[in-house]
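Printed here is structure-v1.cif (mmCIF, C-alpha atoms):
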data_coords
loop_
_atom_site.label_atom_id
_atom_site.label_comp_id
_atom_site.auth_asym_id
_atom_site.auth_seq_id
_atom_site.Cartn_x
_atom_site.Cartn_y
_atom_site.Cartn_z
CA MET P 11 -4.27 -76.40 -11.90
CA LYS P 12 -5.32 -78.25 -15.04
CA TYR P 13 -3.88 -77.57 -18.48
CA VAL P 14 -6.38 -77.64 -21.32
CA TYR P 15 -6.06 -77.92 -25.08
CA VAL P 16 -8.87 -77.79 -27.63
CA LEU P 17 -8.25 -79.90 -30.71
CA THR P 18 -10.34 -80.26 -33.86
CA SER P 19 -8.45 -81.91 -36.67
CA THR P 20 -8.65 -84.19 -39.70
CA PRO P 21 -5.87 -86.28 -41.26
CA SER P 22 -5.54 -83.62 -43.96
CA ASP P 23 -4.38 -80.82 -41.63
CA LEU P 24 -1.53 -80.43 -39.12
CA TYR P 25 -3.40 -79.35 -35.98
CA TYR P 26 -3.01 -82.78 -34.38
CA GLU P 27 0.75 -82.71 -34.97
CA GLN P 28 0.99 -79.25 -33.40
CA ALA P 29 -0.98 -80.44 -30.38
CA LEU P 30 1.27 -83.48 -30.10
CA MET P 31 4.41 -81.32 -30.00
CA SER P 32 2.90 -78.98 -27.42
CA ALA P 33 1.65 -81.81 -25.20
CA TYR P 34 5.03 -83.56 -25.41
CA SER P 35 6.80 -80.36 -24.34
CA LEU P 36 4.31 -79.72 -21.53
CA ARG P 37 4.69 -83.24 -20.16
CA LYS P 38 8.48 -83.03 -20.32
CA HIS P 39 8.57 -79.99 -18.03
CA ASN P 40 5.49 -80.88 -15.98
CA PRO P 41 5.58 -84.66 -15.49
CA ASP P 42 2.78 -84.73 -12.91
CA ALA P 43 0.47 -82.21 -14.54
CA GLU P 44 -3.16 -82.96 -15.34
CA VAL P 45 -3.38 -82.34 -19.07
CA ILE P 46 -6.80 -82.44 -20.73
CA VAL P 47 -7.60 -82.37 -24.42
CA LEU P 48 -11.12 -81.33 -25.38
CA THR P 49 -12.02 -82.52 -28.84
CA ASP P 50 -15.06 -83.06 -31.03
CA ASN P 51 -16.57 -86.44 -31.83
CA LYS P 52 -15.19 -86.59 -35.39
CA THR P 53 -11.64 -85.82 -34.29
CA TYR P 54 -11.94 -88.28 -31.42
CA SER P 55 -13.08 -91.10 -33.70
CA GLY P 56 -10.05 -90.45 -35.89
CA LEU P 57 -7.53 -90.95 -33.09
CA THR P 58 -6.67 -94.43 -34.34
CA GLU P 59 -3.63 -96.52 -35.17
CA GLU P 60 -4.72 -96.57 -38.79
CA ASN P 61 -4.51 -92.76 -38.91
CA LYS P 62 -1.24 -92.78 -36.93
CA ARG P 63 -2.92 -90.69 -34.25
CA LEU P 64 -2.38 -92.51 -30.99
CA ALA P 65 0.79 -90.85 -29.68
CA LEU P 66 -1.09 -87.92 -28.11
CA LYS P 67 -2.54 -90.28 -25.50
CA GLU P 68 0.99 -90.86 -24.15
CA TYR P 69 1.30 -87.26 -23.00
CA VAL P 70 -2.17 -86.28 -21.80
CA SER P 71 -4.23 -87.35 -18.80
CA GLN P 72 -7.60 -87.35 -20.49
CA ILE P 73 -9.22 -86.79 -23.88
CA ILE P 74 -12.84 -85.65 -23.68
CA SER P 75 -15.07 -85.91 -26.73
CA VAL P 76 -17.81 -83.34 -27.33
CA GLY P 77 -20.62 -84.34 -29.69
CA PHE P 78 -21.77 -82.24 -32.66
CA GLU P 79 -24.08 -82.69 -35.61
CA ASP P 80 -22.20 -83.70 -38.77
CA SER P 81 -23.13 -80.40 -40.42
CA VAL P 82 -21.13 -78.30 -37.93
CA PRO P 83 -17.75 -77.32 -39.51
CA ASN P 84 -14.49 -77.86 -37.68
CA VAL P 85 -13.77 -74.19 -37.05
CA ASP P 86 -17.14 -73.84 -35.32
CA ARG P 87 -16.53 -76.97 -33.27
CA SER P 88 -13.22 -75.57 -32.09
CA ARG P 89 -14.67 -72.19 -31.13
CA LEU P 90 -17.76 -73.63 -29.46
CA ILE P 91 -15.64 -75.94 -27.29
CA LYS P 92 -13.04 -73.30 -26.48
CA THR P 93 -15.64 -70.79 -25.32
CA SER P 94 -17.34 -73.42 -23.14
CA ILE P 95 -14.41 -75.02 -21.33
CA PRO P 96 -15.93 -74.73 -17.79
CA GLN P 97 -18.78 -76.94 -18.96
CA TYR P 98 -16.34 -79.82 -19.48
CA VAL P 99 -13.49 -79.08 -17.05
CA SER P 100 -14.05 -78.47 -13.33
CA GLY P 101 -11.80 -76.35 -11.17
CA SER P 102 -9.00 -74.01 -12.19
CA PHE P 103 -7.35 -74.37 -15.57
CA LEU P 104 -4.93 -72.78 -17.99
CA TYR P 105 -6.12 -72.94 -21.58
CA ILE P 106 -3.25 -73.21 -24.11
CA ASP P 107 -3.45 -73.05 -27.92
CA CYS P 108 -2.09 -76.08 -29.78
CA ASP P 109 0.47 -74.07 -31.81
CA THR P 110 2.70 -73.61 -28.79
CA ILE P 111 5.84 -75.09 -27.26
CA ILE P 112 6.14 -75.32 -23.49
CA CYS P 113 9.57 -74.28 -22.24
CA ASP P 114 9.44 -74.67 -18.47
CA ASP P 115 7.56 -75.74 -15.35
CA LEU P 116 4.15 -74.04 -15.44
CA SER P 117 3.11 -74.58 -11.84
CA SER P 118 3.96 -71.02 -10.78
CA ILE P 119 0.88 -69.83 -12.70
CA GLU P 120 -1.06 -70.87 -9.60
CA ASN P 121 0.67 -68.06 -7.68
CA VAL P 122 -0.53 -65.36 -10.07
CA SER P 123 -3.06 -63.15 -8.30
CA ALA P 124 -5.41 -62.92 -11.29
CA VAL P 125 -8.61 -64.95 -11.34
CA THR P 126 -8.94 -64.64 -15.11
CA GLY P 127 -6.22 -63.31 -17.34
CA GLY P 128 -4.27 -63.39 -20.57
CA VAL P 129 -1.25 -61.85 -22.28
CA LEU P 130 -1.40 -58.71 -24.39
CA ASP P 131 -1.59 -59.42 -28.10
CA GLY P 132 1.68 -58.28 -29.58
CA HIS P 133 2.95 -57.59 -26.04
CA CYS P 134 1.79 -53.99 -26.30
CA MET P 135 -1.15 -51.70 -25.63
CA LEU P 136 -3.53 -50.79 -28.42
CA ASN P 137 -1.95 -47.43 -29.27
CA GLU P 138 1.35 -49.16 -30.04
CA HIS P 139 -0.14 -52.13 -31.89
CA ILE P 140 0.54 -52.43 -35.61
CA HIS P 141 -3.00 -53.80 -36.07
CA LYS P 142 -4.74 -51.08 -34.06
CA LYS P 143 -6.86 -49.88 -36.99
CA TYR P 144 -7.80 -53.43 -37.91
CA PHE P 145 -8.93 -54.29 -34.36
CA LEU P 146 -11.03 -51.14 -34.06
CA ARG P 147 -12.51 -51.53 -37.54
CA ARG P 148 -13.50 -55.13 -36.81
CA ASP P 149 -15.02 -54.20 -33.44
CA LYS P 150 -17.00 -51.40 -35.08
CA LYS P 151 -18.36 -53.83 -37.68
CA LEU P 152 -19.40 -56.22 -34.91
CA GLY P 153 -20.80 -53.51 -32.65
CA PHE P 154 -18.20 -54.27 -29.96
CA SER P 155 -16.49 -51.91 -27.51
CA GLY P 156 -14.08 -54.27 -25.73
CA THR P 157 -10.79 -53.40 -27.41
CA LYS P 158 -11.32 -49.64 -27.32
CA SER P 159 -12.53 -49.66 -23.72
CA LEU P 160 -9.59 -51.73 -22.52
CA GLY P 161 -7.10 -49.87 -24.67
CA ALA P 162 -5.61 -53.26 -25.50
CA ASN P 163 -6.34 -56.62 -27.06
CA ILE P 164 -5.83 -59.76 -24.97
CA ASN P 165 -4.49 -62.66 -27.03
CA GLY P 166 -6.78 -65.68 -26.99
CA GLY P 167 -3.95 -68.19 -27.26
CA LEU P 168 -3.73 -68.53 -23.49
CA VAL P 169 -6.43 -67.93 -20.90
CA LEU P 170 -6.04 -68.33 -17.16
CA ALA P 171 -9.28 -69.26 -15.37
CA LYS P 172 -9.36 -69.98 -11.64
CA ALA P 173 -12.27 -71.58 -9.82
CA ASP P 174 -10.91 -72.52 -6.40
CA THR P 175 -13.59 -70.53 -4.59
CA GLN P 176 -17.22 -69.84 -5.38
CA GLU P 177 -16.37 -66.22 -6.16
CA GLN P 178 -13.63 -67.26 -8.58
CA LYS P 179 -15.86 -69.89 -10.13
CA LYS P 180 -18.57 -67.29 -10.72
CA GLU P 181 -16.13 -64.91 -12.46
CA THR P 182 -14.71 -67.65 -14.66
CA GLU P 183 -18.06 -69.11 -15.64
CA GLU P 184 -19.53 -65.70 -16.44
CA LEU P 185 -16.57 -64.76 -18.65
CA PHE P 186 -16.89 -67.98 -20.64
CA ARG P 187 -20.69 -67.79 -20.81
CA GLN P 188 -20.44 -64.33 -22.30
CA TRP P 189 -17.58 -65.38 -24.59
CA ASN P 190 -19.67 -68.27 -25.96
CA GLU P 191 -22.78 -66.14 -26.53
CA ILE P 192 -20.83 -63.28 -28.09
CA TRP P 193 -18.92 -65.63 -30.37
CA LYS P 194 -22.16 -67.20 -31.61
CA TYR P 195 -23.49 -63.72 -32.39
CA SER P 196 -20.23 -62.79 -34.11
CA ALA P 197 -20.16 -66.01 -36.15
CA TYR P 198 -23.78 -66.58 -37.04
CA VAL P 199 -25.13 -63.04 -37.26
CA LYS P 200 -22.06 -61.06 -38.34
CA HIS P 201 -20.25 -63.95 -40.07
CA ASP P 202 -16.96 -63.30 -38.27
CA ARG P 203 -15.55 -66.44 -36.67
CA HIS P 204 -12.57 -64.89 -34.86
CA ASP P 205 -12.65 -65.79 -31.17
CA GLN P 206 -10.27 -63.10 -29.92
CA SER P 207 -12.57 -60.17 -30.61
CA ALA P 208 -15.37 -62.03 -28.82
CA LEU P 209 -13.08 -62.71 -25.83
CA ASN P 210 -12.21 -59.06 -25.45
CA GLU P 211 -15.86 -58.07 -25.75
CA ALA P 212 -16.77 -60.67 -23.11
CA ASN P 213 -14.11 -59.18 -20.84
CA PHE P 214 -15.65 -55.73 -21.38
CA ARG P 215 -19.19 -56.90 -20.64
CA THR P 216 -18.10 -58.63 -17.44
CA GLY P 217 -16.37 -55.54 -16.06
CA LEU P 218 -12.85 -55.75 -17.54
CA LYS P 219 -11.82 -58.22 -14.84
CA MET P 220 -9.22 -60.09 -16.88
CA LYS P 221 -5.69 -59.22 -15.78
CA PHE P 222 -2.65 -58.78 -17.99
CA LEU P 223 -0.28 -61.69 -17.42
CA ASP P 224 3.46 -61.40 -17.89
CA GLY P 225 4.55 -61.95 -21.49
CA ILE P 226 6.51 -65.05 -20.50
CA TRP P 227 3.22 -66.98 -20.37
CA ASN P 228 2.41 -66.41 -24.03
CA CYS P 229 5.63 -65.32 -25.71
CA GLN P 230 4.84 -64.27 -29.28
CA PRO P 231 8.30 -63.97 -30.92
CA SER P 232 7.02 -62.49 -34.17
CA HIS P 233 4.94 -59.91 -32.32
CA GLY P 234 7.29 -58.19 -29.88
CA GLY P 235 7.93 -61.29 -27.79
CA LEU P 236 11.71 -61.46 -28.11
CA ALA P 237 11.99 -59.36 -24.94
CA PHE P 238 10.30 -62.23 -23.06
CA LEU P 239 12.01 -65.15 -24.79
CA LYS P 240 14.79 -65.65 -22.22
CA ASN P 241 12.33 -66.43 -19.41
CA ALA P 242 9.47 -67.67 -21.58
CA LYS P 243 7.26 -70.39 -20.16
CA ILE P 244 5.29 -70.83 -23.38
CA ILE P 245 6.24 -69.91 -26.96
CA HIS P 246 3.25 -69.18 -29.20
CA TYR P 247 4.43 -69.41 -32.78
CA TYR P 248 1.12 -68.70 -34.57
CA SER P 249 0.70 -71.56 -37.05
CA SER P 250 -1.92 -69.51 -38.93
CA GLU P 251 0.79 -67.07 -39.99
CA PHE P 252 2.35 -69.70 -42.20
CA SER P 253 -0.79 -70.79 -44.02
CA GLY P 254 -0.02 -68.57 -47.01
CA LYS P 255 2.31 -69.93 -49.68
CA ASN P 256 4.61 -66.89 -49.49
CA TYR P 257 5.22 -66.97 -45.75
CA ILE P 258 8.55 -68.24 -44.48
CA PRO P 259 8.50 -69.70 -40.95
CA TYR P 260 10.78 -67.78 -38.63
CA TYR P 261 10.38 -70.60 -36.09
CA LYS P 262 11.70 -73.98 -37.16
CA LEU P 263 9.06 -75.97 -35.29
CA ALA P 264 6.35 -74.14 -37.25
CA ASP P 265 7.67 -75.52 -40.52
CA LYS P 266 5.02 -77.57 -42.34
CA LYS P 267 7.65 -79.99 -43.65
CA LEU P 268 8.75 -80.76 -40.10
CA GLN P 269 5.17 -81.30 -38.99
CA GLU P 270 4.55 -83.50 -42.04
CA ARG P 271 7.37 -85.74 -40.85
CA ILE P 272 5.55 -86.19 -37.54
CA LYS P 273 2.37 -87.03 -39.47
CA GLU P 274 4.20 -89.67 -41.50
CA CYS P 275 5.75 -91.24 -38.39
CA GLY P 276 2.70 -91.01 -36.17
CA SER P 277 5.04 -89.88 -33.39
CA ILE P 278 7.75 -87.28 -32.84
CA PRO P 279 11.13 -88.33 -34.33
CA GLU P 280 14.09 -88.10 -31.98
CA ASP P 281 15.77 -85.23 -33.82
CA ILE P 282 12.57 -83.15 -33.58
CA LYS P 283 12.28 -84.02 -29.88
CA GLU P 284 15.79 -82.60 -29.44
CA MET P 285 14.62 -79.37 -31.07
CA ILE P 286 11.56 -79.20 -28.82
CA ASP P 287 13.77 -79.85 -25.80
CA ASP P 288 15.74 -76.71 -26.70
CA PRO P 289 12.86 -74.48 -27.83
CA LYS P 290 14.36 -71.04 -27.41
CA PHE P 291 16.99 -71.55 -30.11
CA GLN P 292 14.87 -72.87 -32.97
CA PHE P 293 14.84 -69.84 -35.24
CA ASN P 294 15.57 -69.59 -38.95
CA PRO P 295 17.65 -66.70 -40.31
CA VAL P 296 15.48 -63.61 -40.63
CA HIS P 297 15.82 -60.18 -42.22
CA LEU P 298 15.70 -57.47 -39.59
CA ILE P 299 14.15 -54.15 -40.58
CA ASN P 300 15.35 -51.32 -38.40
CA ASP P 301 13.88 -48.40 -40.36
CA SER P 302 10.82 -47.15 -38.46
CA ARG P 303 9.35 -45.72 -41.67
CA ILE P 304 9.24 -49.19 -43.24
CA VAL P 305 8.07 -50.97 -40.10
CA SER P 306 5.13 -48.57 -39.83
CA ILE P 307 3.77 -49.63 -43.25
CA MET P 308 4.64 -53.33 -43.23
CA GLN P 309 1.00 -54.32 -42.66
CA SER P 310 -0.39 -51.71 -45.04
CA PRO P 311 -2.55 -52.99 -47.94
CA LEU P 312 -0.29 -50.90 -50.18
CA THR P 313 2.73 -53.01 -49.20
CA PHE P 314 0.94 -56.26 -50.05
CA THR P 315 -0.35 -54.77 -53.31
CA VAL P 316 3.18 -53.88 -54.39
CA SER P 317 4.31 -57.41 -53.46
CA ASP P 318 1.53 -58.91 -55.56
CA ILE P 319 2.45 -56.69 -58.51
CA LYS P 320 6.05 -57.87 -58.33
CA ALA P 321 4.97 -61.52 -58.16
CA HIS P 322 2.32 -61.44 -60.89
CA CYS P 323 3.29 -58.52 -63.12
CA PRO P 324 7.07 -57.96 -62.84
CA ALA P 325 7.17 -55.65 -65.88
CA LEU P 326 4.75 -53.23 -64.23
CA PHE P 327 6.71 -53.48 -60.98
CA ASN P 328 9.96 -52.64 -62.78
CA LEU P 329 8.29 -49.63 -64.39
CA LEU P 330 6.92 -48.38 -61.06
CA GLU P 331 10.30 -48.94 -59.42
CA ALA P 332 12.06 -46.95 -62.14
CA VAL P 333 9.58 -44.07 -61.83
CA CYS P 334 9.89 -44.00 -58.03
CA SER P 335 13.68 -44.17 -58.25
CA GLY P 336 13.68 -41.22 -60.64
CA ILE P 337 11.42 -39.17 -58.39
CA ARG P 338 13.60 -39.92 -55.35
CA GLY P 339 16.72 -38.98 -57.31
CA LEU P 340 15.18 -35.70 -58.45
CA GLY P 341 14.05 -34.95 -54.92
CA LYS P 342 17.59 -35.46 -53.57
CA LYS P 343 19.04 -33.15 -56.22
CA LEU P 344 16.51 -30.43 -55.44
CA LYS P 345 17.17 -30.83 -51.73
CA GLY P 346 20.90 -30.55 -52.33
CA LYS P 347 20.52 -27.26 -54.14
CA LYS P 348 18.80 -25.61 -51.19
#
Write the structure described by the file as structure tokens, please.
Amino acid sequence: MKYVYVLTSTPSDLYYEQALMSAYSLRKHNPDAEVIVLTDNKTYSGLTEENKRLALKEYVSQIISVGFEDSVPNVDRSRLIKTSIPQYVSGSFLYIDCDTIICDDLSSIENVSAVTGGVLDGHCMLNEHIHKKYFLRRDKKLGFSGTKSLGANINGGLVLAKADTQEQKKETEELFRQWNEIWKYSAYVKHDRHDQSALNEANFRTGLKMKFLDGIWNCQPSHGGLAFLKNAKIIHYYSSEFSGKNYIPYYKLADKKLQERIKECGSIPEDIKEMIDDPKFQFNPVHLINDSRIVSIMQSPLTFTVSDIKAHCPALFNLLEAVCSGIRGLGKKLKGKK
């Protein structure tokens, strides 16, 4: 089994540093593994001593450069490579997103009966997913049926693809061929560059053959993954979650300041290596919300609107808060009189 990353990065972002941490952690627990990084020609040419981008080569077996025209943006390069992995990697592989930390020996993935597979997004079926409406609305816009037909959304951060036999090879290649074609349609016709919706549509169009893997293979702590953390093989901390200025990393290794230190050094400092070596205990203090009424509206546009009002127009927020408090107080009094 080969382990594959896809990396497109410039010195101005932190994707290389995330890949470096993940590859270091993978190599630590899998010293003999064949680790392949697929990258584009621009990223590859920037892996220089001058840019402090040579350390990755210490932890991977091979870096393969894929050529693109200069006009192709990085996000497209990443998606086009990711959806075409069998064109560059022969045999069975496990694709892993760069914003991950490997916690254990991964070799037992070879014993999983699935030919192609992934972990449920949010570790739950569609009906229980907080983003159910969003997934279905996006699929409707794209003309897709994959999520609804499966009753779930498979997370694209990890994809198992076996090709040890001709039958397996055919299933894997067809899934990725469809994924690539559907993503191009999604991106260039519908102007939606998400790859996960295209993956789930590709799974639908190839007969829903992808199997649900155990959550330990793609543990998403912020999305119901705490139940799988004890035995987690891979922690997926979702670097994209922390792109907004108001987001506070729940996972210490997702902290931009920490990753900036790696960028400055060009390698992983010893204290950060110690954190990576103990990955299941790297959490910042968090506020737990146990009220189901509040949890159910946490992703509502109304919640974010109220947050924006408080940040940008505190006087209006204070007025709204006072009015709501008065209404709640009156309601309690009326209820008490019954």
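Among the candidates P:Leu344, P:Leu185, P:Leu223, P:Ala173, the residue lying nearest to P:Cys134 is P:Leu223 (atoms considered: only C-alpha atoms).
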From the set P:Ile112, P:Val82, P:Ala332, P:Leu326, which residue has the shortest atom-to-atom contact distance to P:Leu36, counting only C-alpha atoms? P:Ile112
Padded axis-aligned box of stretch 326-339 of chain P (6 Å per side), centre and edge lengths, Å, one decimal, as lines of an AutoDock Vina configuration file:
center_x = 10.7
center_y = -46.2
center_z = -59.9
size_x = 24.0
size_y = 26.5
size_z = 21.0
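This file, filtered with the PyMOL selection byres ((chain P and resi 101) around 8), gives the residues Met11, Lys12, Pro96, Val99, Ser100, Ser102, Phe103, Lys172, Ala173, Asp174 and Lys179 of chain P.
Each of P:Leu152, P:Leu168, P:Ile192, P:Leu160 was compared to P:Leu218 using all atoms listed in the file, and P:Leu160 turns out to be the nearest.
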Might you spell out which residues the PyMOL selection byres ((chain P and resi 69-77) around 7) would select in the displayed file, as a list in words? Ala33, Tyr34, Arg37, Glu44, Val45, Ile46, Val47, Leu48, Thr49, Asp50, Asn51, Tyr54, Leu66, Lys67, Glu68 and Phe78 of chain P
Counting all atoms listed in the file, the residue among P:Lys283, P:His322, P:Lys219, P:Lys262 that lies closest to P:Ala124 is P:Lys219
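Between atom CA of P:Thr182 and atom CA of P:Arg215 there is a distance of 13.1 Å.
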